[in-house]
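File shown: query_4.cif (mmCIF, C-alpha atoms).
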data_start
loop_
_atom_site.label_atom_id
_atom_site.label_comp_id
_atom_site.auth_asym_id
_atom_site.auth_seq_id
_atom_site.Cartn_x
_atom_site.Cartn_y
_atom_site.Cartn_z
CA MET E 1 -42.74 13.66 -8.82
CA ARG E 2 -41.32 10.23 -9.36
CA TYR E 3 -37.97 11.41 -10.74
CA PRO E 4 -37.30 14.05 -8.05
CA THR E 5 -37.97 11.42 -5.37
CA LEU E 6 -35.66 9.02 -7.15
CA LEU E 7 -33.07 11.77 -7.50
CA ALA E 8 -33.23 12.59 -3.79
CA THR E 9 -32.87 8.93 -2.89
CA GLY E 10 -29.92 8.60 -5.23
CA LEU E 11 -28.24 11.64 -3.75
CA ALA E 12 -28.70 10.26 -0.25
CA LEU E 13 -27.27 6.90 -1.26
CA THR E 14 -24.33 8.56 -2.99
CA ALA E 15 -23.54 10.63 0.08
CA VAL E 16 -23.84 7.82 2.61
CA ALA E 17 -22.56 4.75 0.80
CA PRO E 18 -18.83 5.53 0.79
CA ALA E 19 -18.79 5.98 4.56
CA LEU E 20 -20.19 2.51 5.20
CA ALA E 21 -18.16 -0.65 5.52
CA ALA E 22 -18.52 -2.76 2.40
CA ASP E 23 -20.24 -6.15 2.25
CA GLY E 24 -17.80 -9.00 1.90
CA GLU E 25 -17.90 -12.23 -0.06
CA ARG E 26 -16.04 -15.46 0.63
CA ILE E 27 -13.40 -16.25 -1.98
CA GLN E 28 -10.20 -18.14 -2.61
CA VAL E 29 -7.40 -16.34 -4.42
CA THR E 30 -4.17 -17.83 -5.70
CA GLY E 31 -1.32 -15.49 -6.48
CA GLU E 32 1.92 -13.83 -5.44
CA VAL E 33 2.32 -11.77 -2.28
CA ILE E 34 3.67 -8.49 -3.65
CA ASP E 35 4.96 -5.08 -2.65
CA THR E 36 2.06 -2.90 -3.78
CA TRP E 37 3.82 0.46 -3.88
CA CYS E 38 6.44 -0.59 -6.39
CA TYR E 39 3.75 -2.40 -8.39
CA PHE E 40 1.28 0.48 -8.58
CA SER E 41 3.70 3.40 -8.82
CA GLY E 42 6.04 1.96 -11.44
CA VAL E 43 8.90 3.51 -9.48
CA MET E 44 11.24 0.68 -10.47
CA GLY E 45 9.79 -0.40 -13.78
CA GLY E 46 6.87 -2.38 -15.11
CA PRO E 47 4.87 -5.06 -13.30
CA ASP E 48 7.09 -7.91 -14.50
CA ALA E 49 10.18 -6.35 -12.92
CA VAL E 50 8.70 -5.62 -9.49
CA THR E 51 7.53 -9.12 -8.69
CA GLY E 52 9.19 -12.51 -8.28
CA SER E 53 12.71 -13.43 -7.25
CA ALA E 54 14.18 -10.35 -8.95
CA HIS E 55 12.30 -8.10 -6.54
CA HIS E 56 12.37 -10.31 -3.46
CA THR E 57 14.79 -8.26 -1.37
CA CYS E 58 12.85 -5.07 -2.12
CA ALA E 59 9.62 -6.88 -1.23
CA LEU E 60 11.17 -7.66 2.16
CA TRP E 61 12.25 -4.04 2.63
CA CYS E 62 8.83 -2.67 1.72
CA SER E 63 6.90 -5.17 3.83
CA ALA E 64 9.11 -4.52 6.87
CA GLY E 65 8.89 -0.80 6.13
CA GLY E 66 5.13 -0.79 6.46
CA ILE E 67 4.18 -0.55 2.81
CA PRO E 68 0.97 -2.54 2.30
CA VAL E 69 1.28 -6.01 0.83
CA GLY E 70 -1.12 -7.34 -1.74
CA LEU E 71 -1.93 -10.59 -3.45
CA LEU E 72 -1.47 -10.40 -7.22
CA GLY E 73 -4.09 -12.91 -8.31
CA GLU E 74 -3.99 -15.18 -11.33
CA ASP E 75 -6.76 -12.95 -12.68
CA GLY E 76 -4.30 -10.02 -12.80
CA GLN E 77 -6.06 -8.10 -10.04
CA VAL E 78 -4.37 -6.90 -6.87
CA TYR E 79 -6.04 -7.78 -3.56
CA MET E 80 -4.85 -5.55 -0.72
CA VAL E 81 -4.25 -7.75 2.34
CA LEU E 82 -5.59 -6.34 5.62
CA LYS E 83 -5.26 -9.38 7.86
CA ILE E 84 -3.74 -12.86 7.62
CA ALA E 85 -5.05 -15.80 9.64
CA GLY E 86 -5.94 -13.72 12.68
CA ASP E 87 -2.83 -11.50 12.48
CA GLU E 88 -4.05 -7.95 11.85
CA HIS E 89 -0.49 -6.56 11.78
CA SER E 90 -0.69 -5.30 8.21
CA ASN E 91 1.74 -2.49 9.00
CA GLY E 92 5.04 -4.35 8.82
CA GLY E 93 3.96 -7.55 10.60
CA ASP E 94 5.88 -10.82 10.79
CA THR E 95 3.28 -13.02 9.08
CA GLN E 96 3.20 -10.99 5.88
CA LEU E 97 6.99 -10.56 5.92
CA ALA E 98 7.47 -14.33 5.93
CA LEU E 99 5.30 -14.59 2.81
CA ALA E 100 7.07 -11.94 0.71
CA SER E 101 7.12 -12.99 -2.99
CA HIS E 102 5.54 -16.37 -2.18
CA GLU E 103 2.83 -17.98 -4.25
CA VAL E 104 -0.06 -18.72 -1.92
CA LYS E 105 -3.66 -19.78 -2.06
CA ALA E 106 -5.65 -17.65 0.36
CA ASP E 107 -9.15 -18.27 1.64
CA GLY E 108 -10.96 -15.30 3.08
CA MET E 109 -13.35 -12.41 2.68
CA LEU E 110 -13.19 -10.03 -0.25
CA TYR E 111 -14.37 -6.44 0.11
CA ARG E 112 -14.47 -3.86 -2.66
CA ARG E 113 -14.45 -0.13 -2.04
CA ASP E 114 -13.68 2.82 -4.29
CA GLY E 115 -11.98 0.74 -6.94
CA ILE E 116 -9.72 -1.25 -4.61
CA ASN E 117 -10.02 -4.95 -3.66
CA TYR E 118 -9.41 -5.76 0.00
CA LEU E 119 -8.77 -9.23 1.35
CA VAL E 120 -9.12 -10.43 4.93
CA VAL E 121 -7.35 -13.79 4.81
CA ALA E 122 -8.89 -16.39 7.10
CA GLU E 123 -6.44 -19.12 6.08
CA VAL E 124 -3.38 -19.53 3.91
CA VAL E 125 -4.47 -22.79 2.32
CA SER E 126 -1.15 -23.43 0.59
CA ASP E 127 2.26 -21.76 0.41
CA GLU E 128 4.41 -22.82 -2.53
CA GLY E 129 7.28 -20.47 -1.70
CA ILE E 130 8.77 -18.34 -4.48
CA THR E 131 7.77 -19.78 -7.84
CA HIS E 132 8.12 -16.68 -10.01
CA LEU E 133 11.77 -16.94 -11.04
CA ASN E 134 12.70 -13.82 -12.99
CA HIS E 135 16.09 -12.82 -11.56
CA GLU E 136 17.91 -14.09 -14.63
CA ASP E 137 15.75 -11.80 -16.78
CA PHE E 138 15.92 -8.60 -14.76
CA GLY E 139 18.75 -9.02 -12.27
CA PRO E 140 18.09 -7.61 -8.84
CA VAL E 141 15.40 -4.88 -8.82
CA PRO E 142 16.48 -2.31 -7.76
CA GLY E 143 20.03 -2.95 -8.92
CA PHE E 144 21.51 -2.26 -5.49
CA ALA E 145 19.26 -4.81 -3.76
CA ILE E 146 22.17 -7.23 -3.81
CA PRO E 147 25.42 -5.54 -2.76
CA ASP E 148 28.04 -5.74 -5.49
CA PRO E 149 30.74 -8.09 -4.13
CA ASN E 150 33.35 -6.24 -6.19
CA GLU E 151 32.82 -2.94 -4.39
CA MET L 1 -35.63 11.23 -18.65
CA LYS L 2 -33.26 14.17 -18.11
CA ALA L 3 -33.66 13.79 -14.36
CA LEU L 4 -32.93 10.07 -14.61
CA ALA L 5 -29.83 10.80 -16.68
CA ALA L 6 -28.73 13.32 -14.08
CA LEU L 7 -29.23 10.73 -11.35
CA LEU L 8 -27.19 8.17 -13.22
CA SER L 9 -24.43 10.67 -13.77
CA LEU L 10 -24.41 11.54 -10.07
CA LEU L 11 -24.20 7.89 -9.09
CA ALA L 12 -21.31 7.45 -11.49
CA ALA L 13 -19.51 10.55 -10.22
CA PRO L 14 -17.24 8.83 -7.69
CA ALA L 15 -15.84 6.69 -10.49
CA LEU L 16 -14.59 9.73 -12.36
CA ALA L 17 -11.12 11.08 -11.71
CA GLN L 18 -11.21 14.35 -9.81
CA ASP L 19 -8.63 17.08 -9.66
CA PHE L 20 -7.32 17.78 -6.16
CA SER L 21 -4.21 19.63 -7.31
CA GLU L 22 -5.29 23.12 -6.21
CA GLY L 23 -2.82 24.48 -3.65
CA SER L 24 -0.69 21.35 -3.69
CA GLU L 25 3.03 21.76 -3.23
CA ALA L 26 3.76 18.06 -3.57
CA LYS L 27 7.14 17.18 -5.00
CA ALA L 28 7.05 15.20 -8.21
CA TRP L 29 8.52 11.69 -8.12
CA ASN L 30 8.00 11.02 -11.82
CA LEU L 31 5.84 8.01 -11.03
CA GLN L 32 3.48 6.47 -13.56
CA GLY L 33 0.11 8.21 -13.31
CA GLU L 34 1.06 10.60 -10.49
CA ALA L 35 -0.90 13.78 -9.83
CA PRO L 36 -0.44 16.30 -7.02
CA ALA L 37 -3.33 16.12 -4.57
CA ARG L 38 -4.10 18.17 -1.49
CA PHE L 39 -7.33 17.39 0.33
CA GLU L 40 -9.12 17.17 3.66
CA ALA L 41 -9.73 13.70 5.07
CA ARG L 42 -10.42 11.72 8.20
CA VAL L 43 -7.65 9.37 9.29
CA THR L 44 -9.03 5.88 9.85
CA ASP L 45 -7.68 2.37 9.89
CA MET L 46 -8.25 0.39 6.73
CA LEU L 47 -9.62 -2.72 8.41
CA CYS L 48 -12.16 -0.51 10.17
CA ALA L 49 -13.16 1.39 7.05
CA VAL L 50 -13.57 -1.77 5.02
CA THR L 51 -15.01 -4.31 7.48
CA GLY L 52 -16.41 -2.23 10.36
CA ASP L 53 -13.94 -3.66 12.93
CA CYS L 54 -12.98 -0.39 14.58
CA PRO L 55 -10.77 -0.21 17.70
CA ALA L 56 -10.58 3.30 19.17
CA ASP L 57 -6.83 3.59 18.60
CA CYS L 58 -6.91 2.56 14.90
CA GLY L 59 -5.07 -0.62 15.84
CA GLY L 60 -2.35 1.07 17.87
CA GLY L 61 0.16 1.05 15.04
CA ALA L 62 -0.41 -2.52 13.86
CA ARG L 63 -2.84 -1.70 11.06
CA GLN L 64 -2.61 0.13 7.79
CA LEU L 65 -4.23 3.55 8.00
CA GLY L 66 -6.31 5.29 5.37
CA LEU L 67 -7.84 8.64 4.44
CA GLU L 68 -11.59 9.09 4.03
CA ARG L 69 -11.72 12.15 1.80
CA SER L 70 -14.17 14.79 3.02
CA ALA L 71 -15.14 16.03 -0.43
CA ASP L 72 -16.54 12.75 -1.72
CA GLY L 73 -16.20 10.06 0.97
CA VAL L 74 -13.70 8.11 -1.12
CA LEU L 75 -11.32 5.90 0.86
CA VAL L 76 -7.82 6.77 -0.29
CA TYR L 77 -5.03 4.29 0.44
CA PRO L 78 -1.80 6.06 1.52
CA MET L 79 0.80 3.40 0.72
CA LYS L 80 3.91 5.53 0.99
CA ASN L 81 5.26 8.33 3.15
CA GLY L 82 7.55 11.09 1.89
CA GLN L 83 10.86 9.31 2.46
CA PRO L 84 12.76 7.59 -0.37
CA VAL L 85 13.57 4.59 1.84
CA PHE L 86 10.91 1.88 1.37
CA ALA L 87 8.71 3.29 4.17
CA GLY L 88 4.91 3.24 4.39
CA ALA L 89 2.60 5.98 5.64
CA SER L 90 0.89 4.50 8.70
CA VAL L 91 3.57 5.55 11.20
CA ASP L 92 3.21 9.15 10.02
CA LEU L 93 -0.60 9.02 10.15
CA GLN L 94 -1.00 7.22 13.50
CA PRO L 95 -0.81 10.43 15.62
CA TYR L 96 -3.88 11.68 13.75
CA CYS L 97 -6.08 8.57 14.27
CA ASN L 98 -9.77 9.47 13.87
CA GLU L 99 -8.93 13.15 13.33
CA THR L 100 -9.73 15.24 10.29
CA VAL L 101 -6.57 16.51 8.67
CA GLU L 102 -5.33 18.10 5.48
CA VAL L 103 -2.81 16.10 3.47
CA ASP L 104 -0.64 16.92 0.49
CA GLY L 105 1.03 14.40 -1.77
CA LEU L 106 0.70 12.39 -4.96
CA LEU L 107 -2.31 10.41 -6.15
CA ILE L 108 -1.54 7.47 -8.42
CA THR L 109 -4.01 6.49 -11.12
CA ASN L 110 -3.06 3.91 -13.71
CA ALA L 111 -5.62 1.85 -15.61
CA GLU L 112 -2.93 -0.51 -16.88
CA ASN L 113 -2.04 -1.91 -13.47
CA GLY L 114 -5.29 -1.06 -11.68
CA ALA L 115 -3.92 1.74 -9.47
CA ARG L 116 -6.76 3.87 -8.21
CA ASN L 117 -7.04 6.04 -5.10
CA VAL L 118 -3.46 5.10 -4.25
CA TYR L 119 -1.57 7.88 -2.48
CA MET L 120 1.85 9.02 -1.32
CA VAL L 121 1.48 11.42 1.61
CA GLN L 122 4.23 14.03 1.82
CA ARG L 123 2.90 16.39 4.51
CA ILE L 124 0.06 16.55 7.03
CA ARG L 125 -1.59 19.16 9.22
CA ARG L 126 -4.58 19.32 11.52
CA MET L 127 -7.38 21.62 10.45
CA ASP L 128 -6.49 24.18 13.14
CA GLU L 129 -2.75 24.11 12.40
CA THR L 130 -0.87 26.55 10.21
CA ASP L 131 2.35 24.61 9.83
CA TRP L 132 2.62 21.34 7.97
CA THR L 133 4.34 18.28 9.38
CA PRO L 134 6.43 16.43 6.82
CA ALA L 135 5.55 12.74 6.49
CA THR L 136 9.09 11.66 7.21
CA ARG L 137 8.75 10.16 10.69
CA TRP L 138 9.25 6.50 9.82
CA THR L 139 13.03 6.26 10.07
CA GLU L 140 13.05 8.16 13.37
CA VAL L 141 10.57 5.72 14.89
CA TRP L 142 12.48 2.73 13.49
CA ALA L 143 15.74 4.04 15.02
CA GLU L 144 14.03 4.42 18.41
CA GLU L 145 12.76 0.85 18.19
CA HIS L 146 16.10 -0.57 16.99
CA PRO L 147 18.86 1.28 18.88
CA GLU L 148 21.22 -1.65 18.39
CA ALA L 149 20.85 -1.51 14.61
CA ALA L 150 20.50 2.21 13.95
CA GLY L 151 23.35 4.34 12.73
CA ALA L 152 25.13 1.79 10.56
CA GLY L 153 23.89 2.72 7.10
CA PRO L 154 20.31 2.81 5.82
CA TRP L 155 17.68 1.03 7.90
CA PHE L 156 16.93 -1.58 5.27
CA ARG L 157 20.49 -2.88 5.40
CA SER L 158 20.42 -3.05 9.21
CA ASP L 159 16.90 -4.19 10.07
CA PRO L 160 17.15 -7.39 12.14
CA ARG L 161 14.14 -9.10 10.56
CA VAL L 162 15.24 -8.33 7.01
CA LYS L 163 18.80 -9.44 7.75
CA ALA L 164 17.54 -12.70 9.25
CA ALA L 165 15.34 -13.39 6.22
CA ILE L 166 18.21 -12.75 3.79
CA GLU L 167 20.61 -14.82 5.87
CA LYS L 168 18.18 -17.72 5.81
CA ASP L 169 16.86 -17.62 2.23
CA GLY L 170 19.18 -15.27 0.39
CA TYR L 171 18.54 -12.05 -1.55
CA LEU L 172 16.49 -13.95 -4.11
CA GLY L 173 14.58 -15.91 -1.48
CA LEU L 174 15.65 -19.18 -3.13
CA GLY L 175 18.34 -20.28 -0.72
CA PRO L 176 22.03 -19.41 -0.18
CA GLU L 177 23.29 -21.74 -2.93
CA THR L 178 21.12 -20.17 -5.61
CA ASP L 179 22.20 -16.75 -4.38
CA ALA L 180 25.89 -17.61 -4.56
CA ALA L 181 25.63 -18.97 -8.11
CA PHE L 182 23.63 -15.98 -9.31
CA ILE L 183 25.92 -13.40 -7.69
CA ALA L 184 29.00 -15.06 -9.20
CA GLU L 185 27.39 -14.90 -12.65
CA TRP L 186 25.69 -11.50 -12.48
CA PHE L 187 28.40 -9.27 -11.02
#

Mind turning the file's structure into structure tokens?
Amino acid sequence: MRYPTLLATGLALTAVAPALAADGERIQVTGEVIDTWCYFSGVMGGPDAVTGSAHHTCALWCSAGGIPVGLLGEDGQVYMVLKIAGDEHSNGGDTQLALASHEVKADGMLYRRDGINYLVVAEVVSDEGITHLNHEDFGPVPGFAIPDPNE
Amino acid sequence: MKALAALLSLLAAPALAQDFSEGSEAKAWNLQGEAPARFEARVTDMLCAVTGDCPADCGGGARQLGLERSADGVLVYPMKNGQPVFAGASVDLQPYCNETVEVDGLLITNAENGARNVYMVQRIRRMDETDWTPATRWTEVWAEEHPEAAGAGPWFRSDPRVKAAIEKDGYLGLGPETDAAFIAEWF
């Protein structure tokens, strides 16, 4: 009878767990504030091309357009940002727009659910501005991000 | 031991990729790891679903919205609507806050960059509706909110906040002088 009981308990946990808010843990993450759609979808190329100064204008467009922003950590993981220093305007808000492509150190709460990392930023500890300089390597991404002055 | 193995496999089930393509009419975008996906889900706000901070209006438009899939409880992140203009999905989902809907679109799964349960929603309908609503509302709402800027080309060239940011820090975000030197060299 032990295994059936265990099985029933497991089934109950499996059914209920995804509907519950996840437990958070306090962390500090250093990384680049990125446009997550272009990063995850590969719509404009690989990860190196859709970050940094090459992609800055598109990062502005996507952030203002309500595409979620994330923090691409030094560990290579993406942390989806849900709130920054009391500003919960994650759908196109001013705070996240001002940080597009910047390297920041964020202190806050990390939550994990269904394979995605979520970050509620309590404080932006440091903001180094744009430090990932890749425009000489890729040009503007997408190519029309900077209007051609000859046209 | 067989029962224990079955239990372990059940607990691991949410981690396995599932096929939600049946009945989908999602348009392909040729994205890395895209798969058509049509499913039933409850519209919630992401901050609520993740932390338990749940205003009745899903944040009133300020927050990112998500989809808690009915079939398995997985929280799917709709990052994109159906428009090819740098627009997210929350504006299209806001009218359905806390409702159960059916959505159709593209799921993105890519182990190389960590994409999982990432979604582009292309159309939405309530469970008692026959007709689908295309997830293309973003530009209409933007034009209503920016009457002074609308009509002169695509929104992303006219948006006041984007224009101000580019005017201040340039297209590269490194300042007008760096911009000028790069543009002279690149074009």

- Find the residues near segment 59-72 of chain E: any atom within 7 Å, counting all atoms listed in the file, skip ones fewer than 3 places away on the same chain, and give them as a ChimeraX atom specification. /E:31-37,55-56,76-81,90-92,97,100-101 /L:79-80,86-88,156,162

Place a sphere of radius 6 Å on (3.1, 13.1, -6.2) in the file coordinates and name every protein, DNA or RNA residue with an atom inside or on its surface, counting only C-alpha atoms; give the answer as a JSON list (two decimals) with C-alpha atoms, keeping the file's coordinate frame.
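Wrote part_15.json, looks like this:
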[["chain", "number", "residue", "atom", "x", "y", "z"],
["L", 26, "ALA", "CA", 3.76, 18.06, -3.57],
["L", 27, "LYS", "CA", 7.14, 17.18, -5.00],
["L", 28, "ALA", "CA", 7.05, 15.20, -8.21],
["L", 29, "TRP", "CA", 8.52, 11.69, -8.12],
["L", 34, "GLU", "CA", 1.06, 10.60, -10.49],
["L", 35, "ALA", "CA", -0.90, 13.78, -9.83],
["L", 36, "PRO", "CA", -0.44, 16.30, -7.02],
["L", 105, "GLY", "CA", 1.03, 14.40, -1.77],
["L", 106, "LEU", "CA", 0.70, 12.39, -4.96]]

- Message: Give me, as number ranges by chain, all polymer residues having an atom no more than 8 Å from Glu88 of chain E, counting all atoms listed in the file and skipping those fewer than 3 positions away in the same chain.
- Response: E: 82-84; L: 62-63

Requested write-out: C-alpha atoms of the selected residues, as a CSV table (one decimal), keeping the file's coordinate frame:
chain,number,residue,atom,x,y,z
E,82,LEU,CA,-5.6,-6.3,5.6
E,83,LYS,CA,-5.3,-9.4,7.9
E,84,ILE,CA,-3.7,-12.9,7.6
L,62,ALA,CA,-0.4,-2.5,13.9
L,63,ARG,CA,-2.8,-1.7,11.1

Can you translate the PyMOL selection byres ((chain L) within 7 of (chain E)) into the concrete residues it hits in this file, as a short mmCIF file (atom, residue, chain, number, x, y, z; two decimals) with C-alpha atoms, in the coordinates of the input?
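Below is the file selection_5.cif, written as the result:
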data_model
loop_
_atom_site.label_atom_id
_atom_site.label_comp_id
_atom_site.auth_asym_id
_atom_site.auth_seq_id
_atom_site.Cartn_x
_atom_site.Cartn_y
_atom_site.Cartn_z
CA ALA L 3 -33.66 13.79 -14.36
CA LEU L 4 -32.93 10.07 -14.61
CA LEU L 7 -29.23 10.73 -11.35
CA LEU L 11 -24.20 7.89 -9.09
CA LEU L 31 5.84 8.01 -11.03
CA GLN L 32 3.48 6.47 -13.56
CA LEU L 47 -9.62 -2.72 8.41
CA ALA L 49 -13.16 1.39 7.05
CA VAL L 50 -13.57 -1.77 5.02
CA THR L 51 -15.01 -4.31 7.48
CA GLY L 52 -16.41 -2.23 10.36
CA ALA L 62 -0.41 -2.52 13.86
CA ARG L 63 -2.84 -1.70 11.06
CA GLN L 64 -2.61 0.13 7.79
CA GLY L 73 -16.20 10.06 0.97
CA VAL L 74 -13.70 8.11 -1.12
CA LEU L 75 -11.32 5.90 0.86
CA MET L 79 0.80 3.40 0.72
CA LYS L 80 3.91 5.53 0.99
CA PHE L 86 10.91 1.88 1.37
CA ALA L 87 8.71 3.29 4.17
CA GLY L 88 4.91 3.24 4.39
CA ILE L 108 -1.54 7.47 -8.42
CA ASN L 113 -2.04 -1.91 -13.47
CA ALA L 115 -3.92 1.74 -9.47
CA ARG L 116 -6.76 3.87 -8.21
CA PHE L 156 16.93 -1.58 5.27
CA VAL L 162 15.24 -8.33 7.01
CA TYR L 171 18.54 -12.05 -1.55
CA LEU L 172 16.49 -13.95 -4.11
CA GLY L 173 14.58 -15.91 -1.48
CA PHE L 187 28.40 -9.27 -11.02
#

- Query: Hey, can you check how far atom CA of Arg42 of chain L sits from atom CA of Ala85 of chain E?
  - Reply: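 Distance between the two atoms: 28.1 Å.
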
- Query: If you measure from atom CA of Gln18 of chain L to atom CA of Ala71 of chain L, what distance in Å do you get, rounded to one decimal?
  - Reply: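 So the two atoms, atom CA of Gln18 of chain L and atom CA of Ala71 of chain L, lie 10.3 Å apart.
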
- Task: Kindly indicate which residue among L:Ser70, L:Gln83, L:Thr139, L:Asn98 lies nearest to Cys58 of chain L, using only C-alpha atoms for the distances.
- Result: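 Closest candidate: L:Asn98.
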
- Go ahead and compute the interatomic distance for atom CA of Thr133 of chain L and atom CA of Arg157 of chain L, in Å to one decimal.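 That distance, rounded to one decimal, is 26.9 Å.
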
Which residues, named as in the file, does the PyMOL selection byres ((chain L and resi 97) around 8) pick out? Answer as a JSON list (two decimals) with C-alpha atoms, keeping the file's coordinate frame.
[["chain", "number", "residue", "atom", "x", "y", "z"],
["L", 43, "VAL", "CA", -7.65, 9.37, 9.29],
["L", 44, "THR", "CA", -9.03, 5.88, 9.85],
["L", 45, "ASP", "CA", -7.68, 2.37, 9.89],
["L", 57, "ASP", "CA", -6.83, 3.59, 18.60],
["L", 58, "CYS", "CA", -6.91, 2.56, 14.90],
["L", 93, "LEU", "CA", -0.60, 9.02, 10.15],
["L", 94, "GLN", "CA", -1.00, 7.22, 13.50],
["L", 95, "PRO", "CA", -0.81, 10.43, 15.62],
["L", 96, "TYR", "CA", -3.88, 11.68, 13.75],
["L", 98, "ASN", "CA", -9.77, 9.47, 13.87],
["L", 99, "GLU", "CA", -8.93, 13.15, 13.33]]

- Query: Care to translate the PyMOL selection byres ((chain L and resi 123) around 9) into actual residues of this file, as a list in words?
  - Reply: Ala26, Asn81, Gly82, Glu102, Val103, Asp104, Gly105, Val121, Gln122, Ile124, Arg125, Trp132, Thr133, Pro134, Ala135 and Thr136 of chain L
